[in-house]
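Trainee: Structure file upload-v2.cif (mmCIF, N, CA and C atoms and all ligand atoms) right here:
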data_structure
loop_
_atom_site.label_atom_id
_atom_site.label_comp_id
_atom_site.auth_asym_id
_atom_site.auth_seq_id
_atom_site.Cartn_x
_atom_site.Cartn_y
_atom_site.Cartn_z
N MET A 1 -23.49 6.41 11.69
CA MET A 1 -23.42 5.30 10.73
C MET A 1 -22.23 5.50 9.81
N ASN A 2 -21.52 4.45 9.58
CA ASN A 2 -20.33 4.50 8.73
C ASN A 2 -20.71 4.14 7.30
N VAL A 3 -20.66 5.13 6.40
CA VAL A 3 -21.03 4.91 5.00
C VAL A 3 -19.77 4.85 4.16
N GLN A 4 -19.66 3.83 3.33
CA GLN A 4 -18.50 3.69 2.45
C GLN A 4 -18.95 3.82 1.01
N THR A 5 -18.07 4.35 0.18
CA THR A 5 -18.35 4.36 -1.25
C THR A 5 -18.05 2.97 -1.80
N ALA A 6 -18.56 2.70 -3.00
CA ALA A 6 -18.30 1.41 -3.65
C ALA A 6 -16.80 1.21 -3.84
N GLU A 7 -16.09 2.30 -4.15
CA GLU A 7 -14.65 2.19 -4.37
C GLU A 7 -13.94 1.76 -3.09
N GLU A 8 -14.32 2.36 -1.97
CA GLU A 8 -13.69 2.00 -0.71
C GLU A 8 -13.96 0.54 -0.36
N THR A 9 -15.19 0.09 -0.59
CA THR A 9 -15.52 -1.31 -0.32
C THR A 9 -14.67 -2.23 -1.18
N ALA A 10 -14.51 -1.88 -2.47
CA ALA A 10 -13.72 -2.70 -3.37
C ALA A 10 -12.26 -2.71 -2.96
N ILE A 11 -11.73 -1.55 -2.55
CA ILE A 11 -10.34 -1.47 -2.13
C ILE A 11 -10.12 -2.40 -0.94
N GLN A 12 -11.04 -2.36 -0.01
CA GLN A 12 -10.85 -3.16 1.19
C GLN A 12 -10.97 -4.65 0.91
N SER A 13 -11.61 -5.01 -0.19
CA SER A 13 -11.77 -6.44 -0.46
C SER A 13 -10.41 -7.09 -0.73
N LEU A 14 -9.45 -6.35 -1.29
CA LEU A 14 -8.15 -6.94 -1.56
C LEU A 14 -7.10 -6.54 -0.52
N ALA A 15 -7.13 -5.31 -0.06
CA ALA A 15 -6.12 -4.83 0.87
C ALA A 15 -6.48 -5.13 2.32
N GLY A 16 -7.70 -5.58 2.58
CA GLY A 16 -8.11 -5.92 3.93
C GLY A 16 -8.02 -4.72 4.86
N ASP A 17 -7.53 -4.96 6.08
CA ASP A 17 -7.45 -3.86 7.04
C ASP A 17 -6.12 -3.13 6.95
N ALA A 18 -5.39 -3.34 5.85
CA ALA A 18 -4.11 -2.65 5.67
C ALA A 18 -4.29 -1.22 5.22
N ILE A 19 -5.51 -0.87 4.77
CA ILE A 19 -5.76 0.50 4.34
C ILE A 19 -7.02 0.98 5.04
N ALA A 20 -7.02 2.23 5.41
CA ALA A 20 -8.17 2.81 6.11
C ALA A 20 -8.23 4.29 5.77
N ARG A 21 -9.27 4.93 6.28
CA ARG A 21 -9.36 6.37 6.10
C ARG A 21 -8.67 7.03 7.28
N GLY A 22 -7.67 7.86 6.96
CA GLY A 22 -6.87 8.49 8.00
C GLY A 22 -7.62 9.56 8.75
N SER A 23 -6.98 10.10 9.78
CA SER A 23 -7.62 11.12 10.61
C SER A 23 -7.93 12.37 9.80
N ASP A 24 -7.26 12.57 8.65
CA ASP A 24 -7.54 13.73 7.79
C ASP A 24 -8.52 13.39 6.67
N GLY A 25 -9.08 12.16 6.69
CA GLY A 25 -10.09 11.79 5.71
C GLY A 25 -9.55 11.12 4.47
N ARG A 26 -8.23 11.13 4.27
CA ARG A 26 -7.64 10.51 3.07
C ARG A 26 -7.23 9.07 3.39
N PRO A 27 -7.19 8.20 2.36
CA PRO A 27 -6.75 6.83 2.59
C PRO A 27 -5.32 6.79 3.12
N VAL A 28 -5.06 5.84 4.01
CA VAL A 28 -3.74 5.72 4.61
C VAL A 28 -3.48 4.23 4.89
N LEU A 29 -2.22 3.83 4.75
CA LEU A 29 -1.85 2.47 5.12
C LEU A 29 -1.75 2.37 6.63
N ILE A 30 -2.21 1.23 7.16
CA ILE A 30 -2.14 0.99 8.59
C ILE A 30 -1.09 -0.09 8.84
N GLY A 31 -0.01 0.31 9.46
CA GLY A 31 1.03 -0.63 9.86
C GLY A 31 0.89 -0.94 11.34
N GLY A 32 1.98 -1.38 11.94
CA GLY A 32 1.96 -1.69 13.35
C GLY A 32 3.12 -1.04 14.08
N GLU A 33 2.91 -0.74 15.36
CA GLU A 33 3.97 -0.19 16.20
C GLU A 33 4.00 -0.99 17.50
N CYS A 34 5.20 -1.37 17.91
CA CYS A 34 5.37 -2.15 19.13
C CYS A 34 5.38 -1.22 20.34
N GLY A 35 4.52 -1.52 21.32
CA GLY A 35 4.45 -0.71 22.52
C GLY A 35 5.63 -0.95 23.46
N HIS A 36 6.41 -1.98 23.21
CA HIS A 36 7.56 -2.30 24.07
C HIS A 36 8.86 -1.68 23.54
N CYS A 37 9.19 -1.95 22.26
CA CYS A 37 10.47 -1.47 21.72
C CYS A 37 10.30 -0.34 20.71
N GLY A 38 9.05 -0.03 20.32
CA GLY A 38 8.83 1.07 19.38
C GLY A 38 9.03 0.70 17.93
N GLY A 39 9.33 -0.55 17.65
CA GLY A 39 9.52 -0.98 16.27
C GLY A 39 8.27 -0.76 15.44
N GLN A 40 8.46 -0.33 14.19
CA GLN A 40 7.33 -0.08 13.29
C GLN A 40 7.44 -1.01 12.10
N MET A 41 6.29 -1.42 11.57
CA MET A 41 6.31 -2.43 10.50
C MET A 41 5.08 -2.33 9.62
N PHE A 42 5.20 -2.93 8.44
CA PHE A 42 4.06 -3.13 7.55
C PHE A 42 4.30 -4.42 6.78
N PRO A 43 3.35 -5.33 6.72
CA PRO A 43 2.05 -5.25 7.38
C PRO A 43 2.16 -5.44 8.89
N ARG A 44 1.10 -5.08 9.58
CA ARG A 44 1.05 -5.22 11.02
C ARG A 44 1.08 -6.71 11.38
N ALA A 45 1.79 -7.04 12.43
CA ALA A 45 1.88 -8.42 12.89
C ALA A 45 1.36 -8.49 14.31
N PRO A 46 0.84 -9.65 14.74
CA PRO A 46 0.33 -9.78 16.11
C PRO A 46 1.45 -9.81 17.15
N VAL A 47 2.67 -10.15 16.72
CA VAL A 47 3.83 -10.22 17.62
C VAL A 47 4.96 -9.42 16.99
N CYS A 48 5.65 -8.62 17.81
CA CYS A 48 6.76 -7.80 17.29
C CYS A 48 7.89 -8.73 16.80
N PRO A 49 8.34 -8.58 15.55
CA PRO A 49 9.42 -9.43 15.05
C PRO A 49 10.77 -9.10 15.68
N ALA A 50 10.90 -7.95 16.35
CA ALA A 50 12.18 -7.57 16.96
C ALA A 50 12.29 -8.06 18.40
N CYS A 51 11.21 -7.91 19.20
CA CYS A 51 11.32 -8.21 20.63
C CYS A 51 10.29 -9.22 21.12
N MET A 52 9.43 -9.72 20.21
CA MET A 52 8.42 -10.74 20.53
C MET A 52 7.30 -10.24 21.45
N SER A 53 7.22 -8.95 21.68
CA SER A 53 6.12 -8.41 22.48
C SER A 53 4.79 -8.56 21.73
N GLU A 54 3.72 -8.76 22.46
CA GLU A 54 2.39 -8.81 21.85
C GLU A 54 1.66 -7.47 22.02
N ASP A 55 2.37 -6.47 22.52
CA ASP A 55 1.79 -5.14 22.72
C ASP A 55 1.90 -4.36 21.41
N MET A 56 1.08 -4.75 20.43
CA MET A 56 1.14 -4.15 19.11
C MET A 56 -0.04 -3.22 18.90
N ARG A 57 0.24 -2.05 18.31
CA ARG A 57 -0.80 -1.05 18.08
C ARG A 57 -0.84 -0.70 16.60
N PRO A 58 -2.05 -0.37 16.07
CA PRO A 58 -2.12 0.11 14.69
C PRO A 58 -1.43 1.46 14.56
N LEU A 59 -0.83 1.69 13.40
CA LEU A 59 -0.05 2.91 13.17
C LEU A 59 -0.34 3.42 11.76
N GLU A 60 -0.78 4.68 11.66
CA GLU A 60 -0.95 5.29 10.34
C GLU A 60 0.44 5.58 9.77
N LEU A 61 0.70 5.10 8.57
CA LEU A 61 2.03 5.25 7.97
C LEU A 61 2.10 6.50 7.10
N PRO A 62 3.30 7.04 6.91
CA PRO A 62 3.47 8.18 6.01
C PRO A 62 3.00 7.81 4.60
N ARG A 63 2.47 8.79 3.88
CA ARG A 63 1.93 8.51 2.54
C ARG A 63 2.97 8.62 1.43
N GLU A 64 4.13 9.18 1.73
CA GLU A 64 5.17 9.31 0.70
C GLU A 64 6.38 8.49 1.08
N GLY A 65 7.08 7.99 0.05
CA GLY A 65 8.30 7.25 0.28
C GLY A 65 9.17 7.27 -0.97
N ILE A 66 10.25 6.50 -0.91
CA ILE A 66 11.24 6.44 -1.98
C ILE A 66 11.27 5.01 -2.53
N VAL A 67 11.26 4.89 -3.86
CA VAL A 67 11.32 3.56 -4.48
C VAL A 67 12.69 2.95 -4.19
N TYR A 68 12.68 1.80 -3.51
CA TYR A 68 13.92 1.08 -3.19
C TYR A 68 14.27 0.11 -4.31
N ALA A 69 13.29 -0.62 -4.80
CA ALA A 69 13.49 -1.57 -5.89
C ALA A 69 12.13 -1.93 -6.47
N PHE A 70 12.11 -2.29 -7.74
CA PHE A 70 10.84 -2.71 -8.33
C PHE A 70 11.11 -3.58 -9.55
N THR A 71 10.06 -4.25 -9.99
CA THR A 71 10.15 -5.06 -11.20
C THR A 71 8.82 -4.99 -11.93
N THR A 72 8.85 -5.35 -13.19
CA THR A 72 7.64 -5.43 -14.00
C THR A 72 7.31 -6.89 -14.22
N ALA A 73 6.09 -7.27 -13.85
CA ALA A 73 5.64 -8.66 -13.98
C ALA A 73 4.73 -8.77 -15.21
N HIS A 74 5.02 -9.77 -16.03
CA HIS A 74 4.20 -10.01 -17.23
C HIS A 74 3.26 -11.19 -17.05
N VAL A 75 3.41 -11.92 -15.95
CA VAL A 75 2.54 -13.05 -15.64
C VAL A 75 1.95 -12.80 -14.26
N GLY A 76 0.66 -13.06 -14.10
CA GLY A 76 0.04 -12.83 -12.81
C GLY A 76 -1.34 -13.45 -12.76
N PRO A 77 -2.09 -13.13 -11.72
CA PRO A 77 -3.45 -13.66 -11.58
C PRO A 77 -4.29 -13.39 -12.83
N ALA A 78 -5.20 -14.29 -13.12
CA ALA A 78 -5.93 -14.30 -14.39
C ALA A 78 -6.59 -12.96 -14.72
N HIS A 79 -7.17 -12.30 -13.74
CA HIS A 79 -7.97 -11.12 -14.05
C HIS A 79 -7.22 -9.81 -13.86
N TRP A 80 -5.93 -9.89 -13.55
CA TRP A 80 -5.16 -8.66 -13.35
C TRP A 80 -4.72 -8.09 -14.70
N HIS A 81 -4.60 -6.75 -14.75
CA HIS A 81 -4.01 -6.09 -15.91
C HIS A 81 -2.53 -6.44 -15.95
N LYS A 82 -2.02 -6.75 -17.12
CA LYS A 82 -0.60 -7.09 -17.27
C LYS A 82 -0.02 -6.31 -18.44
N PRO A 83 1.24 -5.93 -18.41
CA PRO A 83 2.13 -6.11 -17.26
C PRO A 83 1.78 -5.15 -16.12
N PHE A 84 2.31 -5.46 -14.92
CA PHE A 84 2.13 -4.58 -13.77
C PHE A 84 3.44 -4.50 -13.00
N MET A 85 3.58 -3.45 -12.22
CA MET A 85 4.82 -3.24 -11.45
C MET A 85 4.57 -3.48 -9.97
N VAL A 86 5.52 -4.14 -9.33
CA VAL A 86 5.52 -4.30 -7.87
C VAL A 86 6.92 -3.99 -7.37
N GLY A 87 7.01 -3.58 -6.12
CA GLY A 87 8.32 -3.30 -5.57
C GLY A 87 8.24 -2.84 -4.13
N TYR A 88 9.38 -2.34 -3.66
CA TYR A 88 9.50 -1.88 -2.28
C TYR A 88 9.61 -0.36 -2.24
N VAL A 89 8.90 0.23 -1.29
CA VAL A 89 8.94 1.67 -1.05
C VAL A 89 9.43 1.89 0.37
N ASP A 90 10.49 2.68 0.52
CA ASP A 90 11.01 3.01 1.84
C ASP A 90 10.33 4.28 2.35
N LEU A 91 9.63 4.15 3.49
CA LEU A 91 8.95 5.30 4.09
C LEU A 91 9.91 6.04 5.01
N PRO A 92 9.65 7.31 5.28
CA PRO A 92 10.58 8.10 6.10
C PRO A 92 10.72 7.60 7.54
N ASN A 93 9.78 6.77 8.02
CA ASN A 93 9.90 6.23 9.38
C ASN A 93 10.68 4.91 9.40
N GLY A 94 11.26 4.53 8.25
CA GLY A 94 12.10 3.34 8.21
C GLY A 94 11.38 2.07 7.81
N VAL A 95 10.07 2.14 7.60
CA VAL A 95 9.30 0.97 7.20
C VAL A 95 9.42 0.78 5.69
N ARG A 96 9.68 -0.45 5.26
CA ARG A 96 9.76 -0.80 3.83
C ARG A 96 8.48 -1.54 3.46
N VAL A 97 7.73 -0.97 2.51
CA VAL A 97 6.42 -1.51 2.12
C VAL A 97 6.51 -2.19 0.77
N PHE A 98 6.00 -3.42 0.67
CA PHE A 98 5.85 -4.08 -0.63
C PHE A 98 4.52 -3.67 -1.21
N SER A 99 4.52 -3.19 -2.45
CA SER A 99 3.31 -2.60 -3.00
C SER A 99 3.28 -2.72 -4.51
N HIS A 100 2.09 -2.59 -5.05
CA HIS A 100 1.97 -2.32 -6.48
C HIS A 100 2.48 -0.91 -6.72
N LEU A 101 3.05 -0.70 -7.90
CA LEU A 101 3.56 0.61 -8.28
C LEU A 101 3.03 0.94 -9.66
N ARG A 102 2.96 2.22 -9.97
CA ARG A 102 2.63 2.62 -11.33
C ARG A 102 3.32 3.94 -11.64
N GLY A 103 3.46 4.20 -12.92
CA GLY A 103 4.08 5.45 -13.33
C GLY A 103 5.02 5.21 -14.50
N GLU A 104 4.79 5.96 -15.57
CA GLU A 104 5.64 5.87 -16.76
C GLU A 104 7.06 6.29 -16.40
N GLY A 105 8.03 5.47 -16.77
CA GLY A 105 9.43 5.84 -16.56
C GLY A 105 9.86 5.82 -15.10
N LEU A 106 9.17 5.05 -14.26
CA LEU A 106 9.51 4.98 -12.84
C LEU A 106 10.96 4.54 -12.67
N ARG A 107 11.66 5.14 -11.68
CA ARG A 107 13.07 4.82 -11.44
C ARG A 107 13.31 4.61 -9.94
N ILE A 108 14.30 3.80 -9.63
CA ILE A 108 14.74 3.65 -8.24
C ILE A 108 15.15 5.02 -7.72
N GLY A 109 14.71 5.35 -6.50
CA GLY A 109 15.03 6.64 -5.91
C GLY A 109 13.94 7.68 -6.10
N ASP A 110 12.96 7.39 -6.97
CA ASP A 110 11.86 8.34 -7.17
C ASP A 110 11.03 8.46 -5.89
N THR A 111 10.49 9.65 -5.66
CA THR A 111 9.54 9.85 -4.57
C THR A 111 8.15 9.46 -5.08
N VAL A 112 7.48 8.61 -4.30
CA VAL A 112 6.15 8.14 -4.69
C VAL A 112 5.19 8.35 -3.52
N GLN A 113 3.90 8.37 -3.86
CA GLN A 113 2.88 8.59 -2.83
C GLN A 113 1.78 7.55 -2.96
N LEU A 114 1.10 7.34 -1.84
CA LEU A 114 0.02 6.36 -1.76
C LEU A 114 -1.18 6.82 -2.59
N ALA A 115 -1.78 5.86 -3.29
CA ALA A 115 -3.01 6.11 -4.04
C ALA A 115 -3.77 4.79 -4.08
N SER A 116 -4.95 4.83 -4.65
CA SER A 116 -5.65 3.57 -4.92
C SER A 116 -5.56 3.30 -6.40
N GLY A 117 -5.55 2.03 -6.78
CA GLY A 117 -5.41 1.70 -8.19
C GLY A 117 -6.18 0.44 -8.53
N GLU A 118 -6.62 0.39 -9.78
CA GLU A 118 -7.33 -0.80 -10.27
C GLU A 118 -6.31 -1.80 -10.77
N LEU A 119 -6.27 -2.97 -10.15
CA LEU A 119 -5.32 -4.01 -10.55
C LEU A 119 -5.85 -4.86 -11.69
N GLY A 120 -7.18 -4.87 -11.85
CA GLY A 120 -7.78 -5.69 -12.89
C GLY A 120 -9.29 -5.63 -12.77
N ARG A 121 -9.94 -6.58 -13.46
CA ARG A 121 -11.40 -6.70 -13.40
C ARG A 121 -11.74 -8.15 -13.14
N ASP A 122 -12.65 -8.38 -12.19
CA ASP A 122 -13.01 -9.77 -11.89
C ASP A 122 -13.93 -10.34 -12.97
N ALA A 123 -14.36 -11.57 -12.80
CA ALA A 123 -15.16 -12.25 -13.81
C ALA A 123 -16.48 -11.54 -14.08
N ASP A 124 -16.95 -10.73 -13.13
CA ASP A 124 -18.19 -9.98 -13.31
C ASP A 124 -17.94 -8.57 -13.83
N GLY A 125 -16.66 -8.27 -14.14
CA GLY A 125 -16.33 -6.95 -14.65
C GLY A 125 -16.16 -5.90 -13.58
N MET A 126 -16.16 -6.31 -12.31
CA MET A 126 -15.99 -5.35 -11.22
C MET A 126 -14.51 -5.07 -10.99
N PRO A 127 -14.17 -3.83 -10.70
CA PRO A 127 -12.75 -3.50 -10.50
C PRO A 127 -12.16 -4.20 -9.28
N ILE A 128 -10.94 -4.68 -9.45
CA ILE A 128 -10.16 -5.24 -8.34
C ILE A 128 -9.21 -4.13 -7.92
N MET A 129 -9.45 -3.58 -6.73
CA MET A 129 -8.71 -2.40 -6.28
C MET A 129 -7.75 -2.76 -5.15
N SER A 130 -6.67 -2.02 -5.08
CA SER A 130 -5.79 -2.11 -3.92
C SER A 130 -5.00 -0.81 -3.83
N PHE A 131 -4.10 -0.76 -2.87
CA PHE A 131 -3.25 0.43 -2.78
C PHE A 131 -2.10 0.30 -3.77
N VAL A 132 -1.67 1.44 -4.28
CA VAL A 132 -0.50 1.50 -5.16
C VAL A 132 0.32 2.72 -4.72
N PHE A 133 1.58 2.74 -5.08
CA PHE A 133 2.36 3.96 -4.95
C PHE A 133 2.67 4.47 -6.36
N GLN A 134 2.59 5.78 -6.54
CA GLN A 134 2.80 6.41 -7.84
C GLN A 134 3.62 7.68 -7.66
N PRO A 135 4.29 8.14 -8.74
CA PRO A 135 5.13 9.33 -8.60
C PRO A 135 4.34 10.52 -8.05
N VAL A 136 5.01 11.32 -7.23
CA VAL A 136 4.40 12.53 -6.67
C VAL A 136 4.29 13.56 -7.76
N GLU A 137 3.11 14.14 -7.88
CA GLU A 137 2.91 15.22 -8.83
C GLU A 137 2.92 16.54 -8.07
N ARG A 138 3.98 17.30 -8.29
CA ARG A 138 4.10 18.60 -7.61
C ARG A 138 3.49 19.67 -8.48
N ALA A 139 2.74 20.58 -7.85
CA ALA A 139 2.09 21.66 -8.60
C ALA A 139 3.13 22.69 -9.04
ZN ZN B 201 9.07 -4.77 19.86
#
Starting from the file, give its structure as structure tokens.
Ligand SMILES: [Zn+2]

Mentor:
Amino acid sequence: MNVQTAEETAIQSLAGDAIARGSDGRPVLIGGECGHCGGQMFPRAPVCPACMSEDMRPLELPREGIVYAFTTAHVGPAHWHKPFMVGYVDLPNGVRVFSHLRGEGLRIGDTVQLASGELGRDADGMPIMSFVFQPVERA
């Protein structure tokens, strides 16, 4: 039987099947890989944007990347915490992910890692969760 925590259920409500529990038990983004040309992407698409093949497979993506660009938004959905940061993270396999970001003093070029984050609270006070990238904390 597959048992999920309340947090995992909430995360999946916004991120859908883009996030899952990886083979090592930690959350991981699921992108796509083309079985014909090997192209990798996020989010996963039913047809390869490079070669139009429909031989697409789910692919666990690397959890760390480099901030390519980001911005701070002061206007957004009614129940989201504001301001919030969104931007692009370049993963080492060449995939560029659009994501929420967090971190005091975040800069382009910073190394960031996948985490889960609360984007806001819905009308019932329940957390609205999704994936975020945040600065890597080295011990
Ligand atoms: Zn392809």

Trainee: How would you write, as a PyMOL selection string, the set of residues no farther than 7 Å from ligand ZN 201 (chain B) when counting only C-alpha atoms and all ligand atoms?

Mentor: chain A and resi 34-39+48-53

Trainee: Tell me which of A:Val132, A:Ile66, A:Met56, A:Leu114 sits closest to Arg102 of chain A, counting only C-alpha atoms.

Mentor: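 Looking at the shortest contact to Arg102 of chain A, the residue is A:Val132.
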
Trainee: So the first atom is atom CA of Gly16 of chain A and the second is atom N of Ala73 of chain A; what is the distance between them in Å, to one decimal place?

Mentor: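 For atom CA of Gly16 of chain A relative to atom N of Ala73 of chain A, the distance reads 22.8 Å.
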
Trainee: Calculate how many Å separate atom CA of Pro27 of chain A from atom N of Thr72 of chain A, rounding to one decimal.

Mentor: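 Computing the Euclidean distance for atom CA of Pro27 of chain A and atom N of Thr72 of chain A yields 25.3 Å.
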
Trainee: Anything within 9 Å of (-7.8, 3.7, 2.8): list those residues as a PyMOL selection string, counting only C-alpha atoms and sticking to the file's coordinates.

Mentor: chain A and resi 8+11-12+15+17-22+25-30+115-116+131

Trainee: So which bits of chain A end up strand (DSSP E) when you DSSP the backbone, as a VMD selection string?

Mentor: chain A and resid 19 to 21 27 to 34 40 to 41 56 to 60 64 to 73 84 to 90 96 to 101 111 to 121 127 to 135

Trainee: Might you pull out every residue within 7 Å of segment 80-88 of chain A, with all atoms listed in the file counted and same-chain residues fewer than 2 positions away left off, and present them as a ChimeraX atom specification?

Mentor: /A:66-78,90,96-102,118-121

Trainee: Between A:Gly105, A:Glu54, A:Val136, A:Glu60, which residue has the minimum interatomic distance to Gly31 of chain A, considering all atoms listed in the file?

Mentor: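 Ranked by minimum distance to Gly31 of chain A, first place goes to A:Glu60.
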
Trainee: For a cut-off of 6 Å around (5.5, 4.1, -4.9), file coordinates, pick out all residues using only C-alpha atoms and list them as an MDAnalysis selection string.

Mentor: chainID A and resid 67 89 101 112:113 133:134

Trainee: Go ahead and compute the interatomic distance for atom CA of Met129 of chain A and atom CA of Leu14 of chain A, in Å to one decimal.

Mentor: 6.6 Å

Trainee: Can you tell me, as number ranges by chain, which residues in chain A count as alpha helix (DSSP H) by DSSP?

Mentor: A: 6-15

Trainee: Complete the atoms of segment 58-66 of chain A to all heavy atoms and put them out as a compact mmCIF listing (two decimals), in the frame of the given file.

Mentor:
# COMPACT_ATOMS: atom_id res chain seq x y z
N PRO A 58 -2.05 -0.37 16.07
CA PRO A 58 -2.12 0.11 14.69
C PRO A 58 -1.43 1.46 14.56
O PRO A 58 -1.43 2.26 15.50
CB PRO A 58 -3.63 0.22 14.41
CG PRO A 58 -4.33 -0.01 15.69
CD PRO A 58 -3.36 -0.46 16.72
N LEU A 59 -0.83 1.69 13.40
CA LEU A 59 -0.05 2.91 13.17
C LEU A 59 -0.34 3.42 11.76
O LEU A 59 -0.15 2.69 10.79
CB LEU A 59 1.44 2.60 13.32
CG LEU A 59 2.41 3.72 12.96
CD1 LEU A 59 2.36 4.83 14.00
CD2 LEU A 59 3.82 3.18 12.83
N GLU A 60 -0.78 4.68 11.66
CA GLU A 60 -0.95 5.29 10.34
C GLU A 60 0.44 5.58 9.77
O GLU A 60 1.26 6.23 10.43
CB GLU A 60 -1.75 6.59 10.43
CG GLU A 60 -3.22 6.37 10.73
CD GLU A 60 -4.05 7.65 10.58
OE1 GLU A 60 -3.52 8.65 10.03
OE2 GLU A 60 -5.21 7.64 11.01
N LEU A 61 0.70 5.10 8.57
CA LEU A 61 2.03 5.25 7.97
C LEU A 61 2.10 6.50 7.10
O LEU A 61 1.08 6.95 6.57
CB LEU A 61 2.35 4.01 7.13
CG LEU A 61 2.47 2.71 7.93
CD1 LEU A 61 2.68 1.53 6.99
CD2 LEU A 61 3.61 2.79 8.93
N PRO A 62 3.30 7.04 6.91
CA PRO A 62 3.47 8.18 6.01
C PRO A 62 3.00 7.81 4.60
O PRO A 62 3.13 6.67 4.17
CB PRO A 62 4.98 8.44 6.03
CG PRO A 62 5.48 7.79 7.27
CD PRO A 62 4.56 6.63 7.53
N ARG A 63 2.47 8.79 3.88
CA ARG A 63 1.93 8.51 2.54
C ARG A 63 2.97 8.62 1.43
O ARG A 63 2.71 8.24 0.31
CB ARG A 63 0.78 9.47 2.24
CG ARG A 63 -0.45 9.24 3.07
CD ARG A 63 -1.61 10.06 2.54
NE ARG A 63 -2.83 9.75 3.27
CZ ARG A 63 -3.21 10.43 4.35
NH1 ARG A 63 -2.48 11.42 4.81
NH2 ARG A 63 -4.33 10.11 4.97
N GLU A 64 4.13 9.18 1.73
CA GLU A 64 5.17 9.31 0.70
C GLU A 64 6.38 8.49 1.08
O GLU A 64 6.68 8.29 2.26
CB GLU A 64 5.60 10.78 0.54
CG GLU A 64 4.60 11.61 -0.23
CD GLU A 64 5.16 12.98 -0.63
OE1 GLU A 64 6.39 13.20 -0.53
OE2 GLU A 64 4.36 13.82 -1.04
N GLY A 65 7.08 7.99 0.05
CA GLY A 65 8.30 7.25 0.28
C GLY A 65 9.17 7.27 -0.97
O GLY A 65 8.88 7.96 -1.94
N ILE A 66 10.25 6.50 -0.91
CA ILE A 66 11.24 6.44 -1.98
C ILE A 66 11.27 5.01 -2.53
O ILE A 66 11.32 4.05 -1.76
CB ILE A 66 12.65 6.80 -1.44
CG1 ILE A 66 12.65 8.18 -0.78
CG2 ILE A 66 13.70 6.70 -2.54
CD1 ILE A 66 12.43 9.33 -1.73
